[in-house]
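Shown next: my_file-v2.pdb, given as PDB, C-alpha atoms, pLDDT in the B column.
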```pdb
ATOM      1  CA  MET J   1      37.670  21.770  32.087  1.00 53.00           C
ATOM      2  CA  ASN J   2      39.953  19.601  29.992  1.00 55.00           C
ATOM      3  CA  VAL J   3      38.997  16.897  27.503  1.00 49.00           C
ATOM      4  CA  ARG J   4      39.692  14.004  29.901  1.00 52.00           C
ATOM      5  CA  SER J   5      37.397  15.318  32.629  1.00 48.00           C
ATOM      6  CA  SER J   6      34.689  16.012  30.047  1.00 46.00           C
ATOM      7  CA  ILE J   7      34.922  12.437  28.768  1.00 47.00           C
ATOM      8  CA  ALA J   8      34.868  11.059  32.316  1.00 41.00           C
ATOM      9  CA  ILE J   9      31.765  13.072  33.209  1.00 46.00           C
ATOM     10  CA  PHE J  10      30.055  12.000  29.984  1.00 45.00           C
ATOM     11  CA  ALA J  11      30.899   8.336  30.687  1.00 40.00           C
ATOM     12  CA  VAL J  12      29.437   8.510  34.182  1.00 39.00           C
ATOM     13  CA  LEU J  13      26.271  10.250  32.985  1.00 41.00           C
ATOM     14  CA  ALA J  14      25.885   7.713  30.194  1.00 43.00           C
ATOM     15  CA  LEU J  15      25.957   4.827  32.697  1.00 42.00           C
ATOM     16  CA  VAL J  16      23.331   6.288  35.055  1.00 40.00           C
ATOM     17  CA  PRO J  17      20.338   5.165  32.934  1.00 40.00           C
ATOM     18  CA  LEU J  18      21.838   1.658  32.728  1.00 39.00           C
ATOM     19  CA  ALA J  19      21.971   1.452  36.513  1.00 38.00           C
ATOM     20  CA  ALA J  20      18.304   2.378  36.678  1.00 38.00           C
ATOM     21  CA  ILE J  21      17.422  -0.326  34.144  1.00 40.00           C
ATOM     22  CA  ALA J  22      19.439  -2.980  36.002  1.00 42.00           C
ATOM     23  CA  ASP J  23      17.291  -2.659  39.136  1.00 49.00           C
ATOM     24  CA  ASP J  24      13.689  -3.179  38.069  1.00 52.00           C
ATOM     25  CA  THR J  25      12.340  -3.092  41.614  1.00 49.00           C
ATOM     26  CA  PRO J  26       9.431  -0.674  41.863  1.00 55.00           C
ATOM     27  CA  ALA J  27      10.233   2.206  44.156  1.00 60.00           C
ATOM     28  CA  ILE J  28       8.750   1.884  47.609  1.00 71.00           C
ATOM     29  CA  ARG J  29       6.295   4.727  47.677  1.00 75.00           C
ATOM     30  CA  PRO J  30       5.409   6.766  50.723  1.00 81.00           C
ATOM     31  CA  VAL J  31       2.301   5.595  52.512  1.00 85.00           C
ATOM     32  CA  SER J  32      -0.664   7.818  51.730  1.00 80.00           C
ATOM     33  CA  GLY J  33      -4.049   7.364  53.348  1.00 86.00           C
ATOM     34  CA  ALA J  34      -5.063   6.785  56.951  1.00 87.00           C
ATOM     35  CA  VAL J  35      -3.739   3.844  58.958  1.00 93.00           C
ATOM     36  CA  ILE J  36      -5.791   3.246  62.099  1.00 91.00           C
ATOM     37  CA  MET J  37      -5.919   0.647  64.850  1.00 93.00           C
ATOM     38  CA  ALA J  38      -9.191  -1.216  64.446  1.00 93.00           C
ATOM     39  CA  LYS J  39      -9.038  -3.950  67.052  1.00 93.00           C
ATOM     40  CA  ALA J  40      -6.639  -5.000  69.785  1.00 90.00           C
ATOM     41  CA  THR J  41      -6.826  -8.130  71.888  1.00 91.00           C
ATOM     42  CA  ASP J  42      -4.309  -9.702  74.256  1.00 91.00           C
ATOM     43  CA  ALA J  43      -2.901 -11.731  71.359  1.00 92.00           C
ATOM     44  CA  SER J  44      -3.085  -9.497  68.290  1.00 95.00           C
ATOM     45  CA  THR J  45      -3.662  -6.015  66.913  1.00 95.00           C
ATOM     46  CA  LEU J  46      -5.465  -5.285  63.649  1.00 96.00           C
ATOM     47  CA  PHE J  47      -4.761  -2.091  61.731  1.00 96.00           C
ATOM     48  CA  ILE J  48      -6.664  -0.875  58.680  1.00 96.00           C
ATOM     49  CA  TRP J  49      -5.059   1.162  55.907  1.00 95.00           C
ATOM     50  CA  ASP J  50      -7.397   3.162  53.677  1.00 95.00           C
ATOM     51  CA  ALA J  51      -5.050   3.098  50.693  1.00 94.00           C
ATOM     52  CA  THR J  52      -7.405   4.997  48.365  1.00 94.00           C
ATOM     53  CA  PRO J  53      -4.946   7.854  47.600  1.00 94.00           C
ATOM     54  CA  TYR J  54      -2.104   5.349  47.159  1.00 93.00           C
ATOM     55  CA  VAL J  55      -4.115   3.136  44.784  1.00 93.00           C
ATOM     56  CA  THR J  56      -5.312   6.198  42.852  1.00 91.00           C
ATOM     57  CA  GLN J  57      -1.679   7.167  42.269  1.00 92.00           C
ATOM     58  CA  LEU J  58      -0.766   3.603  41.218  1.00 91.00           C
ATOM     59  CA  VAL J  59      -3.544   3.691  38.620  1.00 90.00           C
ATOM     60  CA  ALA J  60      -2.491   7.153  37.413  1.00 90.00           C
ATOM     61  CA  ASP J  61       1.098   5.892  37.051  1.00 90.00           C
ATOM     62  CA  LYS J  62      -0.176   2.740  35.318  1.00 91.00           C
ATOM     63  CA  ILE J  63       1.421   0.435  37.889  1.00 90.00           C
ATOM     64  CA  LEU J  64      -1.203  -2.287  37.825  1.00 88.00           C
ATOM     65  CA  GLY J  65      -1.517  -6.041  38.156  1.00 91.00           C
ATOM     66  CA  ASP J  66       1.257  -7.882  39.979  1.00 92.00           C
ATOM     67  CA  ASP J  67       3.579  -4.861  39.931  1.00 93.00           C
ATOM     68  CA  GLY J  68       0.917  -2.759  41.620  1.00 92.00           C
ATOM     69  CA  LEU J  69       0.242  -5.420  44.229  1.00 94.00           C
ATOM     70  CA  HIS J  70       3.958  -5.770  44.970  1.00 95.00           C
ATOM     71  CA  ALA J  71       4.287  -2.000  45.392  1.00 94.00           C
ATOM     72  CA  LEU J  72       1.247  -2.019  47.686  1.00 95.00           C
ATOM     73  CA  GLU J  73       2.666  -4.908  49.750  1.00 95.00           C
ATOM     74  CA  ALA J  74       6.046  -3.189  50.115  1.00 95.00           C
ATOM     75  CA  SER J  75       4.456   0.043  51.315  1.00 94.00           C
ATOM     76  CA  ALA J  76       2.009  -1.842  53.553  1.00 95.00           C
ATOM     77  CA  ILE J  77       4.917  -3.353  55.499  1.00 96.00           C
ATOM     78  CA  GLN J  78       6.270   0.166  56.014  1.00 94.00           C
ATOM     79  CA  ALA J  79       2.839   1.378  57.162  1.00 94.00           C
ATOM     80  CA  LEU J  80       2.569  -1.503  59.617  1.00 95.00           C
ATOM     81  CA  ALA J  81       6.110  -0.928  60.896  1.00 94.00           C
ATOM     82  CA  GLY J  82       5.233   2.687  61.617  1.00 92.00           C
ATOM     83  CA  LYS J  83       2.218   1.684  63.687  1.00 92.00           C
ATOM     84  CA  ALA J  84       3.861  -1.341  65.342  1.00 91.00           C
ATOM     85  CA  LYS J  85       5.808   0.927  67.670  1.00 86.00           C
ATOM     86  CA  LYS J  86       2.588   1.676  69.546  1.00 86.00           C
ATOM     87  CA  ALA J  87       1.400  -1.943  69.740  1.00 90.00           C
ATOM     88  CA  THR J  88       2.294  -4.328  72.537  1.00 91.00           C
ATOM     89  CA  THR J  89       0.842  -7.555  71.158  1.00 94.00           C
ATOM     90  CA  VAL J  90       2.890 -10.338  69.600  1.00 94.00           C
ATOM     91  CA  ALA J  91       0.893 -10.593  66.363  1.00 96.00           C
ATOM     92  CA  LEU J  92       0.078  -7.701  64.045  1.00 96.00           C
ATOM     93  CA  ALA J  93      -2.157  -7.562  60.999  1.00 97.00           C
ATOM     94  CA  LEU J  94      -2.809  -4.838  58.450  1.00 96.00           C
ATOM     95  CA  ARG J  95      -5.925  -4.933  56.286  1.00 97.00           C
ATOM     96  CA  VAL J  96      -5.463  -2.906  53.102  1.00 96.00           C
ATOM     97  CA  LEU J  97      -8.530  -1.496  51.380  1.00 96.00           C
ATOM     98  CA  TYR J  98      -9.569   1.269  49.030  1.00 95.00           C
ATOM     99  CA  THR J  99     -12.765   3.018  47.960  1.00 93.00           C
ATOM    100  CA  LYS J 100     -14.049   1.983  44.549  1.00 91.00           C
ATOM    101  CA  THR J 101     -15.666   4.590  42.359  1.00 87.00           C
ATOM    102  CA  GLY J 102     -18.345   4.153  39.750  1.00 85.00           C
ATOM    103  CA  ALA J 103     -19.714   6.197  36.899  1.00 85.00           C
ATOM    104  CA  VAL J 104     -19.701   9.973  37.024  1.00 86.00           C
ATOM    105  CA  SER J 105     -22.971  11.279  38.400  1.00 86.00           C
ATOM    106  CA  PRO J 106     -24.723  13.531  35.865  1.00 88.00           C
ATOM    107  CA  VAL J 107     -26.241  15.515  38.729  1.00 90.00           C
ATOM    108  CA  TYR J 108     -23.057  16.169  40.715  1.00 87.00           C
ATOM    109  CA  GLY J 109     -20.398  15.713  38.026  1.00 88.00           C
ATOM    110  CA  ALA J 110     -18.326  13.497  40.328  1.00 88.00           C
ATOM    111  CA  PRO J 111     -17.644   9.758  40.436  1.00 86.00           C
ATOM    112  CA  THR J 112     -20.150   7.759  42.462  1.00 88.00           C
ATOM    113  CA  PHE J 113     -19.300   5.519  45.396  1.00 88.00           C
ATOM    114  CA  ALA J 114     -19.142   1.872  44.296  1.00 89.00           C
ATOM    115  CA  GLY J 115     -18.075   0.189  47.532  1.00 92.00           C
ATOM    116  CA  ILE J 116     -14.933  -0.836  49.368  1.00 94.00           C
ATOM    117  CA  GLU J 117     -12.376  -3.247  47.933  1.00 94.00           C
ATOM    118  CA  ARG J 118     -10.541  -5.277  50.556  1.00 97.00           C
ATOM    119  CA  VAL J 119      -7.272  -5.971  48.735  1.00 95.00           C
ATOM    120  CA  MET J 120      -5.175  -7.911  51.249  1.00 96.00           C
ATOM    121  CA  THR J 121      -4.347  -8.638  54.840  1.00 97.00           C
ATOM    122  CA  ILE J 122      -0.712  -8.838  55.924  1.00 97.00           C
ATOM    123  CA  SER J 123       0.165 -10.642  59.158  1.00 97.00           C
ATOM    124  CA  VAL J 124       3.516 -10.572  60.984  1.00 97.00           C
ATOM    125  CA  GLU J 125       5.052 -10.878  64.440  1.00 97.00           C
ATOM    126  CA  ARG J 126       5.834  -7.503  65.981  1.00 95.00           C
ATOM    127  CA  THR J 127       9.425  -8.242  67.038  1.00 94.00           C
ATOM    128  CA  ALA J 128      10.334  -9.732  63.643  1.00 96.00           C
ATOM    129  CA  LEU J 129       8.781  -6.726  61.892  1.00 95.00           C
ATOM    130  CA  SER J 130      10.821  -4.266  63.931  1.00 93.00           C
ATOM    131  CA  LYS J 131      14.036  -6.075  62.928  1.00 95.00           C
ATOM    132  CA  ASN J 132      13.201  -6.785  59.271  1.00 96.00           C
ATOM    133  CA  ALA J 133      10.778  -4.122  57.991  1.00 95.00           C
ATOM    134  CA  ASP J 134      13.127  -2.560  55.432  1.00 94.00           C
ATOM    135  CA  ALA J 135      14.426  -5.888  54.109  1.00 95.00           C
ATOM    136  CA  TRP J 136      10.893  -7.297  53.939  1.00 96.00           C
ATOM    137  CA  SER J 137       9.667  -4.215  52.117  1.00 94.00           C
ATOM    138  CA  THR J 138      12.429  -4.559  49.519  1.00 94.00           C
ATOM    139  CA  SER J 139      11.703  -8.287  49.047  1.00 95.00           C
ATOM    140  CA  LEU J 140       7.979  -7.675  48.670  1.00 95.00           C
ATOM    141  CA  GLY J 141       8.656  -4.928  46.134  1.00 93.00           C
ATOM    142  CA  LYS J 142      10.569  -7.503  44.078  1.00 94.00           C
ATOM    143  CA  GLY J 143       7.689  -9.988  44.293  1.00 93.00           C
ATOM    144  CA  THR J 144       9.144 -12.331  46.922  1.00 94.00           C
ATOM    145  CA  THR J 145       7.284 -12.987  50.170  1.00 95.00           C
ATOM    146  CA  PRO J 146       9.860 -13.364  52.954  1.00 95.00           C
ATOM    147  CA  ASP J 147       9.611 -15.879  55.784  1.00 95.00           C
ATOM    148  CA  GLY J 148       7.659 -14.373  58.647  1.00 95.00           C
ATOM    149  CA  VAL J 149       5.220 -12.504  56.427  1.00 97.00           C
ATOM    150  CA  LYS J 150       1.794 -13.924  55.626  1.00 97.00           C
ATOM    151  CA  ILE J 151      -0.206 -12.223  52.883  1.00 97.00           C
ATOM    152  CA  ASP J 152      -3.819 -13.067  52.126  1.00 96.00           C
ATOM    153  CA  VAL J 153      -4.794 -11.355  48.874  1.00 95.00           C
ATOM    154  CA  SER J 154      -8.581 -11.130  48.788  1.00 95.00           C
ATOM    155  CA  GLY J 155      -9.164  -8.441  46.172  1.00 93.00           C
ATOM    156  CA  GLU J 156      -7.588  -6.685  43.239  1.00 91.00           C
ATOM    157  CA  LEU J 157      -6.463  -3.295  42.073  1.00 90.00           C
ATOM    158  CA  PRO J 158      -8.742  -1.315  39.774  1.00 88.00           C
ATOM    159  CA  PRO J 159      -8.239  -1.590  36.015  1.00 82.00           C
ATOM    160  CA  ALA J 160      -6.372   1.041  34.042  1.00 74.00           C
ATOM    161  CA  GLN J 161      -8.325   4.225  33.390  1.00 68.00           C
TER     162      GLN J 161
END
```

As structure tokens, the full file:
Amino acid sequence: MNVRSSIAIFAVLALVPLAAIADDTPAIRPVSGAVIMAKATDASTLFIWDATPYVTQLVADKILGDDGLHALEASAIQALAGKAKKATTVALALRVLYTKTGAVSPVYGAPTFAGIERVMTISVERTALSKNADAWSTSLGKGTTPDGVKIDVSGELPPAQ
């Protein structure tokens, strides 16, 4: 390897971290947790995503507040797009929730159940979702709600541990 190729390789490797800094969009994480169809009518289909494992990982990675919600929204669109293929209704909704935990039980040595947190409901039209899921997911990850997506935030992510 000559000096020029060594310098070129070093220059490229030196710029890689700058490229990562330039795009501050949180990575769209894989959906973890069960997504099930809860209710279907002639007009709409409601899915529920138990995002407990996903939210647990967000907390462990310290992605909280608005950044955590944006990451959750971006992945929720992907979860809904995956299930939309089986739906035939015009309107789709995804209710995102997670299991809250309380203090560690002295008897069992495990966190106690503290209820369910309903974080948000995302509503879209099925045909628009099938065309725009990836673009919508990227926009939501950046904190922008695209036209055609309705988000009703009704809860919050847990605090940092």

Give me the region 24-57 of chain J side of the contact with region 119-136 of chain J, cut-off 12 Å, one line per residue showing its nearest atom pair and distance in Å at one decimal, counting only C-alpha atoms, sorted by chain and residue number, as JSON lines.
```
{"residue": "J:Ile28", "atom": "CA", "partner": "J:Asp134", "partner_atom": "CA", "distance": 10.0}
{"residue": "J:Ala43", "atom": "CA", "partner": "J:Glu125", "partner_atom": "CA", "distance": 10.6}
{"residue": "J:Ser44", "atom": "CA", "partner": "J:Glu125", "partner_atom": "CA", "distance": 9.1}
{"residue": "J:Thr45", "atom": "CA", "partner": "J:Arg126", "partner_atom": "CA", "distance": 9.7}
{"residue": "J:Leu46", "atom": "CA", "partner": "J:Ser123", "partner_atom": "CA", "distance": 9.0}
{"residue": "J:Phe47", "atom": "CA", "partner": "J:Thr121", "partner_atom": "CA", "distance": 9.5}
{"residue": "J:Ile48", "atom": "CA", "partner": "J:Thr121", "partner_atom": "CA", "distance": 9.0}
{"residue": "J:Trp49", "atom": "CA", "partner": "J:Thr121", "partner_atom": "CA", "distance": 9.9}
{"residue": "J:Asp50", "atom": "CA", "partner": "J:Val119", "partner_atom": "CA", "distance": 10.4}
{"residue": "J:Ala51", "atom": "CA", "partner": "J:Val119", "partner_atom": "CA", "distance": 9.5}
{"residue": "J:Thr52", "atom": "CA", "partner": "J:Val119", "partner_atom": "CA", "distance": 11.0}
{"residue": "J:Val55", "atom": "CA", "partner": "J:Val119", "partner_atom": "CA", "distance": 10.4}
```

When distances are computed from all atoms listed in the file, which of J:Lys85, J:Ala76, J:Arg29, J:Glu117 shows the smallest separation from Asp61 (chain J)? J:Arg29

Name the residues that the PyMOL selection byres ((chain J and resi 138) around 12) picks from the file above, as a PyMOL selection string, using the file's chain letters and numbers. chain J and resi 23-29+70-78+132-137+139-146

With C-alpha atoms retained, export the selected residues as a compact mmCIF listing (two decimals), in the frame of the given file.
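Here's the written file part36.txt:
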```txt
# COMPACT_ATOMS: atom_id res chain seq x y z
CA ASP J 23 17.29 -2.66 39.14
CA ASP J 24 13.69 -3.18 38.07
CA THR J 25 12.34 -3.09 41.61
CA PRO J 26 9.43 -0.67 41.86
CA ALA J 27 10.23 2.21 44.16
CA ILE J 28 8.75 1.88 47.61
CA ARG J 29 6.30 4.73 47.68
CA HIS J 70 3.96 -5.77 44.97
CA ALA J 71 4.29 -2.00 45.39
CA LEU J 72 1.25 -2.02 47.69
CA GLU J 73 2.67 -4.91 49.75
CA ALA J 74 6.05 -3.19 50.12
CA SER J 75 4.46 0.04 51.32
CA ALA J 76 2.01 -1.84 53.55
CA ILE J 77 4.92 -3.35 55.50
CA GLN J 78 6.27 0.17 56.01
CA ASN J 132 13.20 -6.78 59.27
CA ALA J 133 10.78 -4.12 57.99
CA ASP J 134 13.13 -2.56 55.43
CA ALA J 135 14.43 -5.89 54.11
CA TRP J 136 10.89 -7.30 53.94
CA SER J 137 9.67 -4.22 52.12
CA SER J 139 11.70 -8.29 49.05
CA LEU J 140 7.98 -7.68 48.67
CA GLY J 141 8.66 -4.93 46.13
CA LYS J 142 10.57 -7.50 44.08
CA GLY J 143 7.69 -9.99 44.29
CA THR J 144 9.14 -12.33 46.92
CA THR J 145 7.28 -12.99 50.17
CA PRO J 146 9.86 -13.36 52.95
```

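Residue nearest Thr41 (chain J), chosen from J:Asp67, J:Leu157, J:Leu92, J:Thr56 and counting only C-alpha atoms: J:Leu92.
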
Coordinates-based distance that separates CA of Ala34 (chain J) from CA of Leu80 (chain J) (Å, one decimal): 11.6 Å

What's the separation between CA of Lys150 (chain J) and CA of Val31 (chain J), in Å to one decimal place?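 CA of Val31 (chain J) lies 19.8 Å from CA of Lys150 (chain J).
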
Return the single residue from J:Asp42, J:Ser32, J:Leu58, J:Ser105 that is closest to Val90 (chain J), with distances computed using all atoms listed in the file.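 Using all atoms listed in the file, the shortest distance to Val90 (chain J) belongs to J:Asp42.
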
Box dimensions and centre (Å, one decimal) enclosing region 150-155 of chain J, axis-aligned, 4 Å extra per side, as lines of an AutoDock Vina configuration file:
```
center_x = -3.7
center_y = -11.2
center_z = 50.9
size_x = 19.0
size_y = 13.5
size_z = 17.5
```

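Proximity of J:Ile116, J:Ala40, J:Val35, J:Val59 to Thr89 (chain J), computed with only C-alpha atoms, is greatest for J:Ala40.
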